[in-house]
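Peer 1: input_7.cif (mmCIF, C-alpha atoms) pasted underneath:
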```
data_data
#
loop_
_atom_site.label_atom_id
_atom_site.label_comp_id
_atom_site.auth_asym_id
_atom_site.auth_seq_id
_atom_site.Cartn_x
_atom_site.Cartn_y
_atom_site.Cartn_z
CA MET A 8 -75.74 68.95 -95.51
CA SER A 9 -74.73 65.40 -94.61
CA VAL A 10 -78.12 64.13 -95.77
CA LEU A 11 -77.61 65.78 -99.16
CA VAL A 12 -74.12 64.27 -99.53
CA ILE A 13 -75.43 60.80 -98.66
CA THR A 14 -78.30 61.25 -101.12
CA LEU A 15 -75.91 62.26 -103.91
CA GLY A 16 -73.80 59.20 -103.11
CA LEU A 17 -76.91 57.04 -103.34
CA TYR A 18 -77.70 58.67 -106.69
CA MET A 19 -74.25 57.81 -108.04
CA LEU A 20 -74.60 54.23 -106.78
CA GLY A 21 -78.03 53.97 -108.41
CA LEU A 22 -76.67 55.13 -111.76
CA LEU A 23 -73.82 52.62 -111.59
CA LEU A 24 -76.13 49.73 -110.71
CA ALA A 25 -78.64 50.72 -113.41
CA ALA A 26 -75.93 50.99 -116.09
CA ILE A 27 -74.31 47.67 -115.22
CA GLY A 28 -77.61 45.87 -114.69
CA SER A 29 -79.20 47.02 -117.94
CA ARG A 30 -76.17 46.12 -120.08
CA LEU A 31 -75.71 42.74 -118.37
CA ALA A 32 -79.41 41.86 -118.63
CA GLY A 33 -79.53 43.01 -122.27
CA ARG A 34 -76.51 40.97 -123.36
CA CYS A 35 -77.55 37.79 -121.54
CA THR A 36 -81.17 38.12 -122.72
CA THR A 37 -79.95 38.37 -126.32
CA TRP A 38 -77.90 35.20 -125.90
CA CYS A 39 -80.81 33.35 -124.27
CA CYS A 40 -83.05 34.35 -127.18
CA ALA A 41 -80.46 32.94 -129.60
CA LEU A 42 -80.33 29.74 -127.54
CA LEU A 43 -84.12 29.43 -127.84
CA GLY A 44 -83.79 29.61 -131.61
CA LEU A 45 -85.20 33.10 -132.19
CA PRO A 46 -83.82 34.62 -135.42
CA MET A 47 -81.54 37.59 -134.97
CA TRP A 48 -83.88 39.78 -137.01
CA VAL A 49 -86.56 39.17 -134.34
CA VAL A 50 -84.10 39.83 -131.52
CA GLY A 51 -82.84 42.98 -133.24
CA GLY A 52 -86.37 44.33 -133.67
CA THR A 53 -87.59 43.60 -130.15
CA VAL A 54 -85.02 42.72 -127.49
CA ALA A 55 -82.29 45.20 -128.47
CA PRO A 56 -84.38 48.40 -128.39
CA PHE A 57 -86.29 47.22 -125.31
CA CYS A 58 -83.06 46.54 -123.38
CA LEU A 59 -81.61 49.91 -124.37
CA ALA A 60 -84.65 51.67 -122.87
CA LEU A 61 -84.79 49.32 -119.87
CA PRO A 62 -83.44 51.80 -117.24
CA GLN A 63 -86.12 54.39 -118.02
CA LEU A 64 -88.81 51.72 -118.22
CA MET A 65 -87.83 50.25 -114.86
CA LEU A 66 -87.65 53.61 -113.07
CA ALA A 67 -90.92 54.86 -114.55
CA PHE A 68 -92.62 51.59 -113.58
CA LEU A 69 -91.38 51.77 -109.97
CA ALA A 70 -92.10 55.48 -109.57
CA ALA A 71 -95.66 55.12 -110.92
CA GLY A 72 -96.29 52.15 -108.62
CA MET A 73 -95.22 54.31 -105.66
CA GLY A 74 -97.48 57.14 -106.81
CA ILE A 75 -94.56 59.45 -107.69
CA THR A 76 -96.05 60.33 -111.04
CA GLY A 77 -93.96 63.46 -111.66
CA LEU A 78 -90.80 61.36 -111.57
CA ALA A 79 -92.32 58.59 -113.69
CA VAL A 80 -93.50 60.91 -116.46
CA GLY A 81 -90.38 63.06 -116.23
CA THR A 82 -88.05 60.07 -116.59
CA ALA A 83 -89.82 58.88 -119.73
CA LEU A 84 -90.18 62.25 -121.45
CA ALA A 85 -86.85 63.77 -120.39
CA GLY A 86 -85.10 60.51 -121.27
CA ALA A 87 -86.44 60.74 -124.83
CA VAL A 88 -85.34 64.37 -125.14
CA THR A 89 -81.84 63.63 -123.80
CA ASN A 90 -81.27 60.54 -125.95
CA VAL A 91 -82.17 62.45 -129.11
CA GLY A 92 -81.01 65.96 -128.26
CA LEU A 93 -77.69 65.00 -126.70
CA ALA A 94 -76.52 61.47 -127.63
CA LEU A 95 -77.95 61.33 -131.16
CA ALA A 96 -76.96 64.95 -131.84
CA LEU A 97 -73.33 64.18 -130.92
CA CYS A 98 -73.47 61.09 -133.15
CA LEU A 99 -74.57 63.22 -136.10
CA LEU A 100 -71.81 65.74 -135.38
CA GLY A 101 -69.27 62.92 -135.67
CA VAL A 102 -67.46 63.74 -132.42
CA ASN A 103 -65.88 60.28 -132.43
CA GLY A 104 -64.39 60.92 -135.86
CA GLN A 105 -66.78 58.55 -137.67
CA PRO A 106 -69.60 59.62 -140.03
CA VAL A 107 -73.08 58.34 -139.23
CA VAL A 108 -74.53 55.76 -141.61
CA ALA A 109 -78.19 54.74 -141.37
CA ASP A 110 -80.91 53.24 -143.54
CA ARG A 111 -82.94 56.13 -144.95
CA GLN A 112 -86.39 54.56 -144.84
CA GLU A 113 -85.92 53.21 -141.31
CA PHE A 114 -84.56 56.54 -140.06
CA CYS A 115 -87.53 58.41 -141.56
CA ARG A 116 -89.98 55.85 -140.21
CA LYS A 117 -88.62 56.14 -136.67
CA CYS A 118 -88.66 59.95 -136.80
CA LEU A 119 -92.29 59.84 -137.95
CA LEU A 120 -93.20 57.45 -135.12
CA LEU A 121 -91.51 59.75 -132.59
CA ALA A 122 -93.34 62.78 -133.99
CA ALA A 123 -96.65 60.84 -133.96
CA ALA A 124 -96.16 59.89 -130.30
CA CYS A 125 -95.51 63.55 -129.46
CA GLY A 126 -98.67 64.50 -131.38
CA VAL A 127 -100.75 61.99 -129.40
CA LEU A 128 -99.38 63.37 -126.16
CA ALA A 129 -100.04 66.97 -127.20
CA LEU A 130 -103.66 66.12 -128.04
CA PHE A 131 -104.53 63.92 -125.09
CA VAL A 132 -102.84 65.63 -122.13
CA ARG A 133 -104.36 69.07 -122.58
CA ASP A 134 -106.39 68.74 -119.38
CA GLY A 135 -103.32 67.78 -117.33
CA THR A 136 -103.79 64.00 -117.46
CA LEU A 137 -103.09 61.33 -120.03
CA SER A 138 -106.52 60.09 -121.12
CA TYR A 139 -107.33 56.42 -121.61
CA THR A 140 -107.70 57.11 -125.33
CA GLY A 141 -104.23 58.61 -125.40
CA THR A 142 -102.83 55.61 -123.52
CA GLY A 143 -104.45 53.26 -126.04
CA LEU A 144 -103.08 55.20 -129.01
CA LEU A 145 -99.57 55.18 -127.54
CA MET A 146 -99.80 51.40 -127.10
CA LEU A 147 -100.98 51.12 -130.72
CA LEU A 148 -97.90 53.09 -131.82
CA PHE A 149 -95.80 50.67 -129.75
CA VAL A 150 -97.26 47.74 -131.69
CA VAL A 151 -96.57 49.53 -134.98
CA PHE A 152 -93.02 50.20 -133.79
CA ILE A 153 -92.39 46.51 -132.97
CA LEU A 154 -93.84 45.23 -136.26
CA SER A 155 -91.93 47.77 -138.37
CA SER A 156 -88.69 47.05 -136.49
CA ILE A 157 -88.99 43.30 -137.08
CA VAL A 158 -89.72 43.79 -140.79
CA TYR A 159 -86.80 46.20 -141.15
CA GLN A 160 -84.37 43.88 -139.36
CA HIS A 161 -85.38 40.98 -141.63
CA GLN A 162 -84.87 43.05 -144.77
CA PHE A 163 -81.68 44.56 -143.38
CA ILE A 164 -79.93 41.35 -142.36
CA TYR A 165 -80.81 39.43 -145.51
CA GLY A 166 -80.00 42.34 -147.82
CA GLU A 167 -83.54 42.57 -149.22
CA ARG A 168 -83.62 46.35 -148.96
CA TYR A 169 -80.99 48.79 -147.80
CA GLU A 170 -80.73 52.49 -148.69
CA PRO A 171 -77.80 53.90 -146.70
CA ILE A 172 -77.44 57.61 -146.06
CA SER A 173 -74.58 59.34 -144.28
CA THR A 174 -73.51 62.66 -142.79
CA ALA A 175 -70.42 62.51 -145.05
CA ALA A 176 -70.98 62.58 -148.80
CA ASP A 177 -67.77 60.67 -149.50
CA ALA A 178 -68.17 58.10 -146.71
CA PRO A 179 -67.95 54.45 -147.83
CA LEU A 180 -71.41 52.93 -147.50
CA PRO A 181 -71.35 49.26 -146.48
CA GLN A 182 -73.49 46.58 -148.06
CA ALA A 183 -76.37 45.19 -146.01
CA GLN A 184 -74.86 41.72 -145.72
CA ASP A 185 -71.71 43.24 -144.21
CA TYR A 186 -73.59 45.44 -141.80
CA GLY A 187 -76.13 43.35 -139.89
CA TYR A 188 -76.24 41.24 -136.76
CA THR A 189 -74.62 38.35 -138.61
CA ALA A 190 -71.44 40.26 -139.50
CA HIS A 191 -68.99 39.87 -136.62
CA THR A 192 -71.06 41.92 -134.19
CA MET A 193 -72.64 39.35 -131.88
CA ALA A 194 -69.98 36.92 -130.61
CA PHE A 195 -72.12 34.37 -128.78
CA PRO A 196 -70.47 31.91 -126.37
CA VAL A 197 -70.42 28.20 -127.05
CA MET A 198 -73.86 26.60 -126.73
CA SER A 199 -73.52 24.49 -123.58
CA PHE A 200 -75.47 23.79 -120.42
CA GLY A 201 -72.95 25.73 -118.33
CA ASN A 202 -73.16 28.81 -120.52
CA SER A 203 -76.96 28.57 -120.49
CA LEU A 204 -77.03 28.70 -116.70
CA LYS A 205 -74.43 31.47 -116.67
CA ASN A 206 -76.45 33.66 -119.03
CA LEU A 207 -79.72 32.93 -117.26
CA ALA A 208 -78.04 34.03 -114.04
CA GLY A 209 -76.84 37.12 -115.92
CA VAL A 210 -80.42 38.02 -116.90
CA LEU A 211 -81.73 37.63 -113.35
CA GLY A 212 -78.71 39.32 -111.77
CA GLY A 213 -78.82 42.19 -114.25
CA LEU A 214 -82.51 42.81 -113.60
CA ALA A 215 -81.90 42.69 -109.84
CA LEU A 216 -79.09 45.25 -110.14
CA LEU A 217 -81.26 47.42 -112.38
CA ALA A 218 -84.21 47.26 -109.96
CA ALA A 219 -81.94 48.18 -107.02
CA GLY A 220 -80.42 51.04 -109.00
CA ALA A 221 -83.83 52.35 -110.07
CA GLN A 222 -85.08 52.18 -106.48
CA ALA A 223 -82.03 54.16 -105.31
CA LEU A 224 -82.61 56.77 -108.02
CA VAL A 225 -86.28 57.17 -107.12
CA TYR A 226 -85.40 57.69 -103.47
CA SER A 227 -82.48 60.04 -104.16
CA ALA A 228 -84.41 62.17 -106.66
CA THR A 229 -87.41 62.60 -104.36
CA THR A 230 -85.16 63.34 -101.39
CA ILE A 231 -83.16 65.96 -103.29
CA ALA A 232 -86.41 67.56 -104.50
CA ASN A 233 -87.74 67.70 -100.92
CA LEU A 234 -84.47 69.03 -99.48
CA THR A 235 -84.10 71.76 -102.09
CA GLY A 236 -87.80 72.62 -102.40
CA THR A 237 -87.82 71.98 -106.16
CA ILE A 238 -90.08 69.94 -108.39
CA GLN A 239 -89.26 66.31 -109.18
CA ALA A 240 -89.40 67.00 -112.92
CA LEU A 241 -86.28 69.16 -112.64
CA TRP A 242 -84.20 66.24 -111.39
CA ALA A 243 -85.76 63.84 -113.87
CA ALA A 244 -84.74 66.22 -116.68
CA THR A 245 -81.19 66.72 -115.41
CA LEU A 246 -79.63 64.21 -113.01
CA ILE A 247 -81.60 61.10 -113.98
CA SER A 248 -81.92 61.58 -117.75
CA PHE A 249 -78.29 62.67 -118.12
CA GLY A 250 -77.12 59.83 -115.89
CA PHE A 251 -79.00 57.24 -117.93
CA CYS A 252 -77.53 58.79 -121.08
CA LEU A 253 -73.91 58.51 -119.91
CA PRO A 254 -73.35 54.94 -121.25
CA LEU A 255 -74.77 56.03 -124.61
CA LEU A 256 -72.58 59.13 -124.59
CA ALA A 257 -69.57 56.89 -123.97
CA GLU A 258 -70.35 55.10 -127.23
CA ALA A 259 -71.16 58.29 -129.14
CA LEU A 260 -67.88 59.88 -128.00
CA GLY A 261 -65.76 56.78 -128.57
CA HIS A 262 -65.59 55.63 -124.93
CA PRO A 263 -63.75 58.52 -123.24
CA PHE A 264 -64.87 57.49 -119.73
CA GLY A 265 -62.26 54.83 -119.03
CA SER A 266 -61.00 51.48 -120.21
CA VAL A 267 -62.91 49.51 -117.56
CA TRP A 268 -66.31 50.58 -118.85
CA LYS A 269 -65.12 50.23 -122.44
CA ARG A 270 -64.17 46.58 -121.92
CA PHE A 271 -67.42 45.85 -120.07
CA ASP A 272 -69.55 47.64 -122.66
CA ALA A 273 -67.84 45.90 -125.58
CA ARG A 274 -68.30 42.52 -123.93
CA CYS A 275 -71.95 43.20 -123.10
CA ARG A 276 -72.96 44.87 -126.38
CA PHE A 277 -76.33 43.56 -127.53
CA TYR A 278 -76.63 45.52 -130.80
CA PRO A 279 -74.13 46.34 -133.57
CA ALA A 280 -72.16 49.47 -132.70
CA ASP A 281 -72.93 51.11 -136.06
CA THR A 282 -76.68 50.98 -135.40
CA LEU A 283 -76.44 53.34 -132.39
CA PRO A 284 -78.30 56.25 -134.13
CA ILE A 285 -81.30 54.04 -134.93
CA GLN A 286 -81.17 52.48 -131.45
CA LEU A 287 -81.25 55.94 -129.85
CA LEU A 288 -84.40 56.76 -131.81
CA ASN A 289 -85.83 53.39 -130.77
CA SER A 290 -85.16 54.15 -127.12
CA ALA A 291 -86.85 57.56 -127.36
CA ILE A 292 -89.91 56.01 -129.03
CA LEU A 293 -90.16 53.32 -126.35
CA ASN A 294 -89.98 55.96 -123.63
CA LEU A 295 -93.13 57.53 -125.04
CA THR A 296 -95.04 54.51 -126.33
CA LEU A 297 -94.20 51.97 -123.61
CA ALA A 298 -92.92 53.70 -120.46
CA LEU A 299 -95.84 56.17 -120.30
CA PRO A 300 -98.61 53.57 -120.93
CA MET A 301 -96.93 51.22 -118.41
CA SER A 302 -96.85 54.06 -115.87
CA SER A 303 -100.52 54.80 -116.53
CA LEU A 304 -101.49 51.15 -116.03
CA MET A 305 -99.34 50.89 -112.91
CA TYR A 306 -100.84 54.08 -111.47
CA ARG A 307 -104.36 52.66 -112.15
CA HIS A 308 -105.79 56.12 -112.80
CA ARG A 309 -105.46 58.78 -115.46
CA LEU A 310 -101.77 59.62 -115.36
CA PRO A 311 -101.09 63.26 -114.34
CA VAL A 312 -98.93 65.11 -116.88
CA GLY A 313 -97.95 68.47 -115.44
CA ALA A 314 -97.55 71.80 -117.20
CA GLN A 315 -93.77 71.33 -117.09
CA PHE A 316 -93.99 68.37 -119.45
CA ARG A 317 -96.68 69.84 -121.70
CA THR A 318 -94.70 73.07 -122.11
CA TYR A 319 -91.14 71.80 -122.47
CA GLU A 320 -90.54 68.07 -122.97
CA VAL A 321 -93.26 67.25 -125.54
CA PRO A 322 -92.60 70.27 -127.83
CA ALA A 323 -88.81 69.80 -127.61
CA CYS A 324 -89.08 66.15 -128.60
CA ALA A 325 -91.46 66.95 -131.48
CA VAL A 326 -89.21 69.73 -132.83
CA MET A 327 -86.15 67.47 -132.79
CA ALA A 328 -88.04 64.65 -134.53
CA LEU A 329 -89.02 67.04 -137.33
CA LEU A 330 -85.48 68.45 -137.59
CA LEU A 331 -84.13 64.93 -138.02
CA LEU A 332 -86.80 64.03 -140.57
CA ILE A 333 -86.34 66.94 -143.01
CA GLU A 334 -83.09 66.04 -144.77
CA PRO A 335 -83.54 62.23 -145.13
CA LEU A 336 -87.10 62.70 -146.37
CA LEU A 337 -86.54 65.53 -148.84
CA ARG A 338 -82.88 65.31 -149.86
CA ARG A 339 -82.10 61.65 -149.09
CA ARG A 340 -79.15 62.30 -146.80
CA LEU A 341 -78.13 63.38 -143.30
CA HIS A 342 -76.31 66.58 -142.36
CA ARG A 343 -74.22 67.56 -139.38
CA TRP A 344 -76.28 70.72 -139.00
CA GLN A 345 -79.15 68.52 -137.84
CA GLY A 346 -77.01 67.44 -134.89
CA THR A 347 -76.17 71.06 -134.14
CA ALA A 348 -79.84 72.06 -134.32
CA CYS A 349 -80.89 69.24 -131.98
CA LEU A 350 -78.12 70.20 -129.57
CA VAL A 351 -79.33 73.81 -129.55
CA VAL A 352 -82.90 72.67 -128.87
CA TYR A 353 -81.66 70.40 -126.06
CA PHE A 354 -79.67 73.12 -124.28
CA ALA A 355 -82.55 75.59 -124.70
CA TYR A 356 -84.84 72.96 -123.16
CA LEU A 357 -82.36 72.38 -120.32
CA ALA A 358 -82.15 76.11 -119.60
CA ALA A 359 -85.95 76.41 -119.60
CA VAL A 360 -86.58 73.53 -117.18
CA SER A 361 -83.75 74.75 -114.91
CA PHE A 362 -84.54 78.44 -114.73
CA VAL A 363 -88.23 78.74 -115.68
CA PRO A 364 -89.88 75.62 -114.17
CA ARG A 365 -93.63 75.24 -114.48
CA ALA A 366 -96.02 74.09 -111.79
CA GLY A 367 -97.77 70.75 -111.70
CA ALA A 368 -94.79 68.40 -111.97
#
```
Translate the structure of the given file into C-alpha cells.
Peer 2:
Amino acid sequence: MSVLVITLGLYMLGLLLAAIGSRLAGRCTTWCCALLGLPMWVVGGTVAPFCLALPQLMLAFLAAGMGITGLAVGTALAGAVTNVGLALALCLLGVNGQPVVADRQEFCRKCLLLAAACGVLALFVRDGTLSYTGTGLLMLLFVVFILSSIVYQHQFIYGERYEPISTAADAPLPQAQDYGYTAHTMAFPVMSFGNSLKNLAGVLGGLALLAAGAQALVYSATTIANLTGTIQALWAATLISFGFCLPLLAEALGHPFGSVWKRFDARCRFYPADTLPIQLLNSAILNLTLALPMSSLMYRHRLPVGAQFRTYEVPACAVMALLLLIEPLLRRRLHRWQGTACLVVYFAYLAAVSFVPRAGA
C-alpha cells in the first residue's frame, strides 16, 4: 500500500514538473526565436504547436527508448483523443462563457490532416506493428502540417485571408489584423543581454523539468500497472493523458484551478489565447505524426501497436475528426452539438478502455 501511495505522489510530482517545464520552455523558446529574428508567422506555425505537444513528445520519446512501447504509443494516441474529445469539446460547448472563433479553412484543413493520420494508422498497423511505410507517411503528413501552418500564419497575421466561423451566430467576428500574434498577445521583454541569458536559461531549465517529469511519469505508470496487474495503455489513456490535458482544461474552463497557475500560465503563454481550438488540433496531429514516428525511430524496430490502440484510440480519434469537419465544411460554421458529440465519444472511449481492455498493450 505504501508503495502505491509513493508512486501516486511521484505521478503528481511528474505532472507538475511536466506542466511547468513545458510552459516555461515554450515561452522562453518563443522569445529566443523572436530574438533571432524569426517572423512571428514562422514561430506560430512551428514553435507554438510543437511546444504545446512537448509533454507527450518527451514522454513517448523516453518510453520508446526504454523499450516501454505500450506507454509510448498510448501516450501519443490517448493524448490526441483527450485533447480533442475533452479539451476541444469543452471549448466548443463554451463552458467559459465565450463562443469559439476559428478560421474555417484552417479548421477544416487540420481536421482533414487528423483524419488522414488516423487513416494511415488504420492501414499500416493491421498486423500489430507500425510498418516503415506507415512511419514514412506519418512523417510526410508532419511536413505537410508544418508547411500549411506556416502559410496559414502568414496569411492570418497579415490579413491576406481570414474566414472566421463561430459557435454563436451573433458573435462579433474580429478582423485578422486584430487577432494575430501582433495584436497584444505576445508581450516580449526588452531585448537585452540579460534577458537573453534569462530566457536561454528558461529554455534549458524548462526542458530539464519536463524531462524529469516525464521520467517520473514513465516510472509511476509502469509501477502502477505492475502493482495492479493492468496494462500500461490503461494508465496512458487515463492518468497520463488526463494529467497532460489539465493545463489545457484550465484555459478551456477559464482557469478554475487557482490563481497561482493562472498567473504563471498567463505570463508563460506562447500562443494567443483565442487560438486554443486550433492549437488543440495541432497538438493532436503532432501526437500522431511526430510522437509516433519519433517513438518508432527511437525503438529502432517496427513499433508494436497493440489491439487496444487499434480498437479504441484510432477509431475514436477518426470519428471525432469527422464530427468536427462536417459543419465547417458543409455549412460554413461551428455548432455546440459538435462539442457534445465529441464529449460523448470521449466518455464512451474512456469506458471501453477502462472496463473492456484489449490485449497486446
Peer 1: Provide the atom CA of A:Gln63 to atom CA of A:Ser290 distance in Å, to one decimal place.
Peer 2: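 Going from atom CA of A:Gln63 over to atom CA of A:Ser290, I get 9.2 Å.
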Peer 1: List the spatial neighbours of stretch 102-110 of chain A as a ChimeraX atom specification - criterion: any atom at most 9 Å away, only C-alpha atoms, same-chain residues fewer than 4 positions off excluded.
Peer 2: /A:97-98,114-115,163,169-175,178,180-181,258-262,281-282,284-285,341
Peer 1: Could you expand the PyMOL selection byres ((chain A and resi 230-237) around 10) into the explicit residues it covers here, written as a tab-separated table (two decimals) with C-alpha atoms, keeping the file's coordinate frame?
Peer 2:
```tsv
chain	number	residue	atom	x	y	z
A	8	MET	CA	-75.74	68.95	-95.51
A	10	VAL	CA	-78.12	64.13	-95.77
A	11	LEU	CA	-77.61	65.78	-99.16
A	12	VAL	CA	-74.12	64.27	-99.53
A	14	THR	CA	-78.30	61.25	-101.12
A	15	LEU	CA	-75.91	62.26	-103.91
A	18	TYR	CA	-77.70	58.67	-106.69
A	224	LEU	CA	-82.61	56.77	-108.02
A	225	VAL	CA	-86.28	57.17	-107.12
A	226	TYR	CA	-85.40	57.69	-103.47
A	227	SER	CA	-82.48	60.04	-104.16
A	228	ALA	CA	-84.41	62.17	-106.66
A	229	THR	CA	-87.41	62.60	-104.36
A	238	ILE	CA	-90.08	69.94	-108.39
A	239	GLN	CA	-89.26	66.31	-109.18
A	240	ALA	CA	-89.40	67.00	-112.92
A	241	LEU	CA	-86.28	69.16	-112.64
A	242	TRP	CA	-84.20	66.24	-111.39
A	364	PRO	CA	-89.88	75.62	-114.17
A	368	ALA	CA	-94.79	68.40	-111.97
```
Peer 1: Could you list the residues chosen by the PyMOL selection byres ((chain A and resi 71-80) around 9) in this structure as a VMD selection string?
Peer 2: chain A and resid 63 to 64 66 to 70 81 to 85 225 228 to 229 238 to 240 242 to 243 298 to 299 301 to 307 310 to 313 316 367 to 368
Peer 1: Any idea what the distance is between atom CA of A:Ala208 and atom CA of A:Cys35?
Peer 2: 8.4 Å
Peer 1: Evaluate the PyMOL selection byres ((chain A and resi 30) around 9) on the structure here and hand back the selected residues as JSON, numbers by chain.
Peer 2: {"A": [25, 26, 27, 28, 29, 31, 32, 33, 34, 35, 58, 59, 213, 271, 272, 275, 276, 277]}
Peer 1: Those same residues - C-alpha atoms - I'd like them written as a compact mmCIF listing (two decimals), in the frame of the given file.
Peer 2:
```txt
# COMPACT_ATOMS: atom_id res chain seq x y z
CA ALA A 25 -78.64 50.72 -113.41
CA ALA A 26 -75.93 50.99 -116.09
CA ILE A 27 -74.31 47.67 -115.22
CA GLY A 28 -77.61 45.87 -114.69
CA SER A 29 -79.20 47.02 -117.94
CA LEU A 31 -75.71 42.74 -118.37
CA ALA A 32 -79.41 41.86 -118.63
CA GLY A 33 -79.53 43.01 -122.27
CA ARG A 34 -76.51 40.97 -123.36
CA CYS A 35 -77.55 37.79 -121.54
CA CYS A 58 -83.06 46.54 -123.38
CA LEU A 59 -81.61 49.91 -124.37
CA GLY A 213 -78.82 42.19 -114.25
CA PHE A 271 -67.42 45.85 -120.07
CA ASP A 272 -69.55 47.64 -122.66
CA CYS A 275 -71.95 43.20 -123.10
CA ARG A 276 -72.96 44.87 -126.38
CA PHE A 277 -76.33 43.56 -127.53
```
Peer 1: Between A:Pro46, A:Gly250, A:Pro300, A:Gly201, which has the minimum distance to A:Ala94 (counting only C-alpha atoms)?
Peer 2: A:Gly250
Peer 1: Have a look at A:Leu283, A:Ala221, A:Leu350, A:Leu297 and name the one nearest to A:Leu20; count all atoms listed in the file.
Peer 2: A:Ala221
Peer 1: So, counting only C-alpha atoms, which residue among A:Arg270, A:Arg340, A:Lys117, A:His308 is closest to A:Leu99?
Peer 2: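 Once distances to A:Leu99 are computed over only C-alpha atoms, the minimum belongs to A:Arg340.
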Peer 1: What does the structure give for the distance between atom CA of A:Gly52 and atom CA of A:Arg116, in Å to one decimal?
Peer 2: 13.7 Å
